[in-house]
Amino acid sequence: MARYGMVMDMRTCVGCQACMAACSTENQTPFWSEKFRTHVEDKEQGVFPDVRRVQLPRLCMHCENTPCLSACPTGATHMDKNGIVLVNYDRCIGCYACCIACPYDARYAYDGKDVDKERELYGENVSHEMPHVDKCTFCVQRLAEKLEPACVATCPTHTRIFGDLDDSKSEVHKLARSGKAQPLNQGLGTSPKVFYIPS
Amino acid sequence: MTFVHQEVWHWQIATYLFLGGLGGATFAISAIIHLFEGCDRKMVSVAVMSSIAFLVIGTVFLLADMLQPLKAIYALTNPKSWIFWGVVFINFYFIAAITYVIPLLEAWPKLEPFIRKIPEPILGLLERFNNLAALGGSAAGFLVAIYTGLLISAAPAINFWNTPALPLLFVISGFSTGAAFLLLLSTFSDNEGAHKIASRLEQLDAVLIVTELIILGAYFNFAMFLPTGARASAEFLFHSPVFIAGFFVAGLIVPLAIETYSIFFRGHGNEGRKSALPILVASSLVLVGGYLLRIYVLKAGMFQFPW
Ligand code: SF4
Ligand code: SF4
């Protein structure tokens with residue numbers, strides 16, 4: 001049992017989007033429809049002449065208080081023993097209640113067209129056999145093999161730091177504990193497990 | 001902070017929300033009229049059959065919008081979800097409506113032979129508990145109507161929806177469309193009591209429209225208060241000519257004016273039946289307005305994202 005979480009070091013992200021590419025390949029997500037489990041927001045901050053660009057990588061926050069899970073009528077959306085919020089594809093009816101409830105734009109429809117295209121690209125070896133609502137899984141399949149999520153392993157600037165928030169020796173624990181890294185939109189009370197070090 | 005229009009639920013869901021409110025309220029008002037004013041069996045049976053049809057069509061739109069409609073039964077898993085309760089309310093509603101309407105259908109000579117095929121003891125039971133079904137059904141109709149608002153208010157990042165004013169607005173608007181639909185039906189009824197019921201419905205609809213205006217005032221006042229997604233949504237609606245002219249003016253103010261005029265200035269029964277035209281116009285406008293309200297509230301929903 002762990003409580004997996006991520007810290008984003010916004011001081012180092014250069015907006016190369018390698019994480020998006022790595023995630024798409026690892027999880028066969030529909031890049032062809034421009035749908036991704038993780039995005040990098042390119043923001044402008046400040047008022048002229050004091051303006052700068054900021055890159056903000058984002059993904060499912062694996063909220064502790066989980067609005068998508070409460071909204072899901074079928075129990076397709078659930079939390080595993082490591083605190084990872086997952087969708088059981090077989091049970092998802094695609095009602096989108098979770099997409100409306102999620103405050104972090106973390107979900108999208110893996111629809112019938114995407115399933116067809118996936119089969120065309122990956123042949124028999126597909127991970128999404130039926131239409132469903134899709135989201136980040138922290139790459140559970142890689143965690144099972146003691147590998148980090150694909151986005152973390154790929155990030156060339158060590159922006160993404162992954163680990164067990166309950167493990168006092170882990171970097172994520174220290175950063176979150178010290179308050180150096182903070183979650184987004186704390187006021188909503190969702191208790192996200194993804195934290196940000198401001199740039 | 002960015003405000004982004006939701007791209008999840010479109011006109012199909014608006015249609016479902018509209019038909020849910022209309023169907024639920026039509027049944028609830030018919031059953032209440034039945035309990036308190038006595039029953040024009042023909043008119044009430046047409047009303048209840050139509051309300052069942054509205055909910056069936058609405059449900060078809062909802063299912064058609066899903067990715068896996070054939071698995072819809074799974075929706076009865078998580079009682080924390082409003083959709084779970086929607087399924088419960090709608091099924092409860094269907095049971096009550098069908099139980100209630102069967103004995104009433106005997107009023108139609110063409111249908112009587114079919115009704116007579118139902119075994120006598122069952123028919124006897126349905127007759128005996130007709131009032132109970134009316135009562136249960138009006139509760140179910142009310143729940144279905146309010147559920148349409150509760151469903152979309154469960155959106156923490158869409159501030160415009162995430163407010164108790166929205167279910168209230170939807171339930172009042174639903175009942176106003178229900179009253180308007182029944183008014184429309186009453187113009188086709190040749191029953192003696194129909195014009196008395198029509199006057200009652202007219203009064204009810206006028207009161208509901210006034211209530212709706214008060215809730216709208218409070219709702220927009222709340223939405224404009226802080227620079228959040230709710231304000232962005234309200235501003236979007238203020239700049240939508242169809243919402244202002246179609247819903248607000250044509251769907252609320254004009255029918256309210258027609259109904260007020262009819263209530264206060266067009267006799268109290270002594271010159272017989274009122275002319276049907278103003279009623280037809282006012283109720284059709286209320287119905288179109290109710291549909292536009294759902295469409296535009298969905299369109300105006302904006303996520304407030306923290307980046
Ligand atoms: S970020 Fe969205 S999808 Fe992820 S756990 Fe929170 S509410 Fe659910
Ligand atoms: S779309 Fe799927 S995961 Fe989302 S709420 Fe509906 S059933 Fe649950």
# chains A, B, ... in the order shown; residues from 1 in each chain; ligands from 1
call {"tool": "select_by_dssp", "arguments": {"residues": "range 3-58 of chain A", "states": "strand (DSSP E or B)", "output": "ChimeraX atom specification"}}
result
/A:4-9,39-45,52-58
call {"tool": "residues_near_ligand", "arguments": {"ligand": "ligand 2", "cutoff": "8 Å", "atoms": "only C-alpha atoms and all ligand atoms", "output": "MDAnalysis selection string"}}
result
(chainID A and resid 68:69 71:77 87:89 91:99 109 132:134) or (chainID B and resid 66:67 75)
call {"tool": "residues_near_ligand", "arguments": {"ligand": "ligand 1", "cutoff": "8 Å", "atoms": "only C-alpha atoms and all ligand atoms", "output": "ChimeraX atom specification"}}
result
/A:59-69,85,98-99,101-107,135-136,190,192
call {"tool": "closest_residue", "arguments": {"among": "B:Phe27, B:Ile146, B:Trp161, B:His34", "to": "chain A", "atoms": "only C-alpha atoms"}}
result
B:Trp161
call {"tool": "residues_around", "arguments": {"residues": "range 140-156 of chain A", "least_positions_apart": "3", "cutoff": "9 Å", "atoms": "only C-alpha atoms", "output": "PyMOL selection string"}}
result
chain A and resi 13+16-23+25-27+38+84+137+159-163
call {"tool": "interface_residues", "arguments": {"of": "chain B", "to": "chain A", "cutoff": "7 Å", "atoms": "only C-alpha atoms", "output": "PyMOL selection string"}}
result
chain B and resi 8+66-69+71-72+74-78+80-84+154-157+305-306
call {"tool": "write_last_selection", "arguments": {"atoms": "N, CA and C atoms", "output": "mmCIF file, in the first residue's frame"}}
result
data_model
loop_
_atom_site.group_PDB
_atom_site.id
_atom_site.type_symbol
_atom_site.label_atom_id
_atom_site.label_comp_id
_atom_site.auth_asym_id
_atom_site.auth_seq_id
_atom_site.Cartn_x
_atom_site.Cartn_y
_atom_site.Cartn_z
ATOM 1 N N VAL B 8 -18.923 19.080 -23.066
ATOM 2 C CA VAL B 8 -19.273 17.702 -22.730
ATOM 3 C C VAL B 8 -20.741 17.429 -23.029
ATOM 4 N N MET B 66 -24.784 8.605 -24.709
ATOM 5 C CA MET B 66 -23.786 7.835 -23.957
ATOM 6 C C MET B 66 -22.879 7.035 -24.888
ATOM 7 N N LEU B 67 -21.708 6.654 -24.362
ATOM 8 C CA LEU B 67 -20.807 5.832 -25.163
ATOM 9 C C LEU B 67 -21.273 4.380 -25.188
ATOM 10 N N GLN B 68 -21.852 3.897 -24.106
ATOM 11 C CA GLN B 68 -22.259 2.485 -24.011
ATOM 12 C C GLN B 68 -23.676 2.376 -23.446
ATOM 13 N N PRO B 69 -24.689 2.828 -24.206
ATOM 14 C CA PRO B 69 -26.050 2.853 -23.664
ATOM 15 C C PRO B 69 -26.578 1.474 -23.266
ATOM 16 N N LYS B 71 -25.215 -0.685 -21.597
ATOM 17 C CA LYS B 71 -24.826 -1.074 -20.237
ATOM 18 C C LYS B 71 -25.467 -0.168 -19.193
ATOM 19 N N ALA B 72 -26.485 0.605 -19.607
ATOM 20 C CA ALA B 72 -27.033 1.646 -18.725
ATOM 21 C C ALA B 72 -27.473 1.114 -17.363
ATOM 22 N N TYR B 74 -25.926 -0.574 -15.312
ATOM 23 C CA TYR B 74 -24.850 -0.403 -14.325
ATOM 24 C C TYR B 74 -25.002 0.892 -13.528
ATOM 25 N N ALA B 75 -25.793 1.834 -14.082
ATOM 26 C CA ALA B 75 -25.941 3.128 -13.402
ATOM 27 C C ALA B 75 -26.591 2.987 -12.031
ATOM 28 N N LEU B 76 -27.094 1.798 -11.730
ATOM 29 C CA LEU B 76 -27.690 1.607 -10.403
ATOM 30 C C LEU B 76 -26.676 1.092 -9.386
ATOM 31 N N THR B 77 -25.432 1.548 -9.480
ATOM 32 C CA THR B 77 -24.396 1.033 -8.581
ATOM 33 C C THR B 77 -24.037 1.995 -7.445
ATOM 34 N N ASN B 78 -23.854 3.282 -7.775
ATOM 35 C CA ASN B 78 -23.297 4.202 -6.785
ATOM 36 C C ASN B 78 -24.316 5.238 -6.315
ATOM 37 N N LYS B 80 -24.093 7.600 -4.421
ATOM 38 C CA LYS B 80 -23.588 8.962 -4.231
ATOM 39 C C LYS B 80 -23.780 9.794 -5.493
ATOM 40 N N SER B 81 -24.085 9.100 -6.600
ATOM 41 C CA SER B 81 -24.181 9.804 -7.876
ATOM 42 C C SER B 81 -25.627 10.213 -8.144
ATOM 43 N N TRP B 82 -25.823 11.432 -8.669
ATOM 44 C CA TRP B 82 -27.184 11.882 -8.964
ATOM 45 C C TRP B 82 -27.830 11.048 -10.052
ATOM 46 N N ILE B 83 -27.004 10.527 -10.972
ATOM 47 C CA ILE B 83 -27.587 9.719 -12.053
ATOM 48 C C ILE B 83 -28.264 8.474 -11.467
ATOM 49 N N PHE B 84 -27.641 7.891 -10.458
ATOM 50 C CA PHE B 84 -28.256 6.748 -9.759
ATOM 51 C C PHE B 84 -29.678 7.128 -9.343
ATOM 52 N N ALA B 154 -23.951 19.247 -9.886
ATOM 53 C CA ALA B 154 -22.830 18.515 -9.283
ATOM 54 C C ALA B 154 -21.551 18.733 -10.087
ATOM 55 N N ALA B 155 -21.142 19.995 -10.212
ATOM 56 C CA ALA B 155 -19.971 20.328 -11.024
ATOM 57 C C ALA B 155 -19.158 21.384 -10.289
ATOM 58 N N PRO B 156 -18.215 20.932 -9.434
ATOM 59 C CA PRO B 156 -17.518 21.900 -8.577
ATOM 60 C C PRO B 156 -16.798 23.016 -9.335
ATOM 61 N N ALA B 157 -16.352 22.760 -10.564
ATOM 62 C CA ALA B 157 -15.593 23.806 -11.257
ATOM 63 C C ALA B 157 -16.441 24.609 -12.232
ATOM 64 N N PHE B 305 -10.679 26.845 -14.640
ATOM 65 C CA PHE B 305 -9.491 26.044 -14.395
ATOM 66 C C PHE B 305 -8.415 26.882 -13.707
ATOM 67 N N PRO B 306 -7.583 26.227 -12.868
ATOM 68 C CA PRO B 306 -6.634 26.999 -12.069
ATOM 69 C C PRO B 306 -5.377 27.437 -12.844
#
call {"tool": "atom_distance", "arguments": {"atom1": "CA of Asn221 in chain B", "atom2": "CA of Gly289 in chain B"}}
result
21.0 Å
call {"tool": "closest_residue", "arguments": {"among": "B:Met49, B:Ala282, B:Ile33, B:Val60", "to": "Thr177 in chain B", "atoms": "only C-alpha atoms"}}
result
B:Ala282
call {"tool": "select_by_dssp", "arguments": {"residues": "range 37-136 of chain A", "states": "alpha helix (DSSP H)", "output": "number ranges by chain"}}
result
A: 67-71, 97-101, 112-122
call {"tool": "write_last_selection", "arguments": {"atoms": "N, CA and C atoms", "output": "PDB file, in the first residue's frame"}}
result
ATOM      1  N   PRO A  67     -14.358  14.169  -6.758  1.00  0.00           N
ATOM      2  CA  PRO A  67     -15.662  14.506  -7.338  1.00  0.00           C
ATOM      3  C   PRO A  67     -16.076  13.585  -8.475  1.00  0.00           C
ATOM      4  N   CYS A  68     -15.112  13.125  -9.284  1.00  0.00           N
ATOM      5  CA  CYS A  68     -15.470  12.268 -10.415  1.00  0.00           C
ATOM      6  C   CYS A  68     -16.013  10.937  -9.926  1.00  0.00           C
ATOM      7  N   LEU A  69     -15.427  10.457  -8.818  1.00  0.00           N
ATOM      8  CA  LEU A  69     -15.862   9.169  -8.274  1.00  0.00           C
ATOM      9  C   LEU A  69     -17.275   9.277  -7.693  1.00  0.00           C
ATOM     10  N   SER A  70     -17.549  10.396  -7.013  1.00  0.00           N
ATOM     11  CA  SER A  70     -18.902  10.577  -6.468  1.00  0.00           C
ATOM     12  C   SER A  70     -19.925  10.681  -7.591  1.00  0.00           C
ATOM     13  N   ALA A  71     -19.533  11.316  -8.712  1.00  0.00           N
ATOM     14  CA  ALA A  71     -20.504  11.540  -9.787  1.00  0.00           C
ATOM     15  C   ALA A  71     -20.754  10.282 -10.611  1.00  0.00           C
ATOM     16  N   ALA A  97     -20.741  12.089 -16.618  1.00  0.00           N
ATOM     17  CA  ALA A  97     -20.968  12.807 -15.362  1.00  0.00           C
ATOM     18  C   ALA A  97     -19.622  13.143 -14.711  1.00  0.00           C
ATOM     19  N   CYS A  98     -18.645  12.240 -14.878  1.00  0.00           N
ATOM     20  CA  CYS A  98     -17.331  12.455 -14.285  1.00  0.00           C
ATOM     21  C   CYS A  98     -16.597  13.605 -14.960  1.00  0.00           C
ATOM     22  N   CYS A  99     -16.786  13.746 -16.292  1.00  0.00           N
ATOM     23  CA  CYS A  99     -16.106  14.822 -17.027  1.00  0.00           C
ATOM     24  C   CYS A  99     -16.628  16.182 -16.565  1.00  0.00           C
ATOM     25  N   ILE A 100     -17.942  16.222 -16.268  1.00  0.00           N
ATOM     26  CA  ILE A 100     -18.537  17.465 -15.776  1.00  0.00           C
ATOM     27  C   ILE A 100     -18.059  17.749 -14.351  1.00  0.00           C
ATOM     28  N   ALA A 101     -17.877  16.673 -13.566  1.00  0.00           N
ATOM     29  CA  ALA A 101     -17.532  16.856 -12.155  1.00  0.00           C
ATOM     30  C   ALA A 101     -16.048  17.165 -11.945  1.00  0.00           C
ATOM     31  N   GLY A 112     -15.934   5.606 -30.038  1.00  0.00           N
ATOM     32  CA  GLY A 112     -15.916   4.502 -30.993  1.00  0.00           C
ATOM     33  C   GLY A 112     -14.908   4.728 -32.120  1.00  0.00           C
ATOM     34  N   LYS A 113     -14.831   5.974 -32.616  1.00  0.00           N
ATOM     35  CA  LYS A 113     -13.888   6.269 -33.707  1.00  0.00           C
ATOM     36  C   LYS A 113     -12.459   6.061 -33.242  1.00  0.00           C
ATOM     37  N   ASP A 114     -12.188   6.462 -31.998  1.00  0.00           N
ATOM     38  CA  ASP A 114     -10.831   6.295 -31.466  1.00  0.00           C
ATOM     39  C   ASP A 114     -10.476   4.818 -31.316  1.00  0.00           C
ATOM     40  N   VAL A 115     -11.468   4.028 -30.896  1.00  0.00           N
ATOM     41  CA  VAL A 115     -11.228   2.584 -30.748  1.00  0.00           C
ATOM     42  C   VAL A 115     -10.864   1.978 -32.113  1.00  0.00           C
ATOM     43  N   ASP A 116     -11.598   2.396 -33.169  1.00  0.00           N
ATOM     44  CA  ASP A 116     -11.307   1.889 -34.520  1.00  0.00           C
ATOM     45  C   ASP A 116      -9.908   2.269 -34.967  1.00  0.00           C
ATOM     46  N   LYS A 117      -9.575   3.544 -34.745  1.00  0.00           N
ATOM     47  CA  LYS A 117      -8.267   4.037 -35.177  1.00  0.00           C
ATOM     48  C   LYS A 117      -7.146   3.320 -34.416  1.00  0.00           C
ATOM     49  N   GLU A 118      -7.386   3.083 -33.134  1.00  0.00           N
ATOM     50  CA  GLU A 118      -6.391   2.397 -32.313  1.00  0.00           C
ATOM     51  C   GLU A 118      -6.107   1.005 -32.892  1.00  0.00           C
ATOM     52  N   ARG A 119      -7.193   0.316 -33.283  1.00  0.00           N
ATOM     53  CA  ARG A 119      -7.042  -1.022 -33.841  1.00  0.00           C
ATOM     54  C   ARG A 119      -6.247  -0.964 -35.152  1.00  0.00           C
ATOM     55  N   GLU A 120      -6.532   0.076 -35.928  1.00  0.00           N
ATOM     56  CA  GLU A 120      -5.831   0.255 -37.201  1.00  0.00           C
ATOM     57  C   GLU A 120      -4.325   0.435 -36.954  1.00  0.00           C
ATOM     58  N   LEU A 121      -3.987   1.200 -35.891  1.00  0.00           N
ATOM     59  CA  LEU A 121      -2.582   1.500 -35.634  1.00  0.00           C
ATOM     60  C   LEU A 121      -1.849   0.392 -34.888  1.00  0.00           C
ATOM     61  N   TYR A 122      -2.533  -0.229 -33.931  1.00  0.00           N
ATOM     62  CA  TYR A 122      -1.841  -1.172 -33.053  1.00  0.00           C
ATOM     63  C   TYR A 122      -2.228  -2.622 -33.292  1.00  0.00           C
TER      64      TYR A 122
END
call {"tool": "closest_residue", "arguments": {"among": "B:Asp205, B:Glu235, B:Glu106, B:Glu212", "to": "Ser283 in chain B", "atoms": "only C-alpha atoms"}}
result
B:Asp205
call {"tool": "atom_distance", "arguments": {"atom1": "CA of Val56 in chain B", "atom2": "CA of Leu19 in chain B"}}
result
8.8 Å
call {"tool": "atom_distance", "arguments": {"atom1": "CA of Phe220 in chain B", "atom2": "CA of Ala232 in chain B"}}
result
11.1 Å
call {"tool": "closest_residue", "arguments": {"among": "A:Gln28, A:Arg53, A:Arg3, A:Val14", "to": "Val126 in chain A", "atoms": "only C-alpha atoms"}}
result
A:Gln28
call {"tool": "closest_residue", "arguments": {"among": "B:Ser30, B:Gln304, B:Ser138, B:His239", "to": "Met43 in chain B", "atoms": "only C-alpha atoms"}}
result
B:Ser30
call {"tool": "residues_around", "arguments": {"residues": "Ser233 in chain B", "least_positions_apart": "4", "cutoff": "7 Å", "atoms": "only C-alpha atoms", "output": "compact mmCIF listing (two decimals) with all heavy atoms, in the first residue's frame"}}
result
# COMPACT_ATOMS: atom_id res chain seq x y z
N PHE B 160 -21.34 28.41 -12.41
CA PHE B 160 -22.68 28.85 -12.80
C PHE B 160 -23.71 27.74 -12.52
O PHE B 160 -24.88 28.01 -12.29
CB PHE B 160 -22.69 29.22 -14.29
CG PHE B 160 -23.94 29.94 -14.72
CD1 PHE B 160 -24.28 31.16 -14.18
CD2 PHE B 160 -24.77 29.40 -15.70
CE1 PHE B 160 -25.43 31.84 -14.57
CE2 PHE B 160 -25.92 30.07 -16.11
CZ PHE B 160 -26.24 31.29 -15.54
N GLY B 229 -16.10 32.05 -12.91
CA GLY B 229 -16.70 31.45 -14.10
C GLY B 229 -18.20 31.75 -14.17
O GLY B 229 -18.77 31.86 -15.26
N LEU B 237 -24.59 34.85 -21.36
CA LEU B 237 -26.04 34.81 -21.59
C LEU B 237 -26.59 36.19 -21.90
O LEU B 237 -27.46 36.34 -22.78
CB LEU B 237 -26.76 34.21 -20.37
CG LEU B 237 -26.53 32.71 -20.17
CD1 LEU B 237 -27.22 32.23 -18.90
CD2 LEU B 237 -27.03 31.91 -21.37
N ALA B 300 -23.87 27.88 -21.56
CA ALA B 300 -23.17 28.90 -20.77
C ALA B 300 -22.25 28.30 -19.72
O ALA B 300 -21.44 29.01 -19.12
CB ALA B 300 -24.18 29.83 -20.10
N GLY B 301 -22.35 26.99 -19.48
CA GLY B 301 -21.53 26.37 -18.43
C GLY B 301 -20.05 26.52 -18.75
O GLY B 301 -19.60 26.11 -19.82
N MET B 302 -19.30 27.14 -17.84
CA MET B 302 -17.86 27.31 -18.07
C MET B 302 -17.07 26.76 -16.91
O MET B 302 -17.33 27.07 -15.75
CB MET B 302 -17.54 28.80 -18.19
CG MET B 302 -17.84 29.36 -19.54
SD MET B 302 -17.17 31.00 -19.63
CE MET B 302 -18.27 31.68 -20.84
call {"tool": "closest_residue", "arguments": {"among": "B:Val286, B:Ile102, B:Val46, B:Ile172", "to": "Lys117 in chain B", "atoms": "only C-alpha atoms"}}
result
B:Ile102
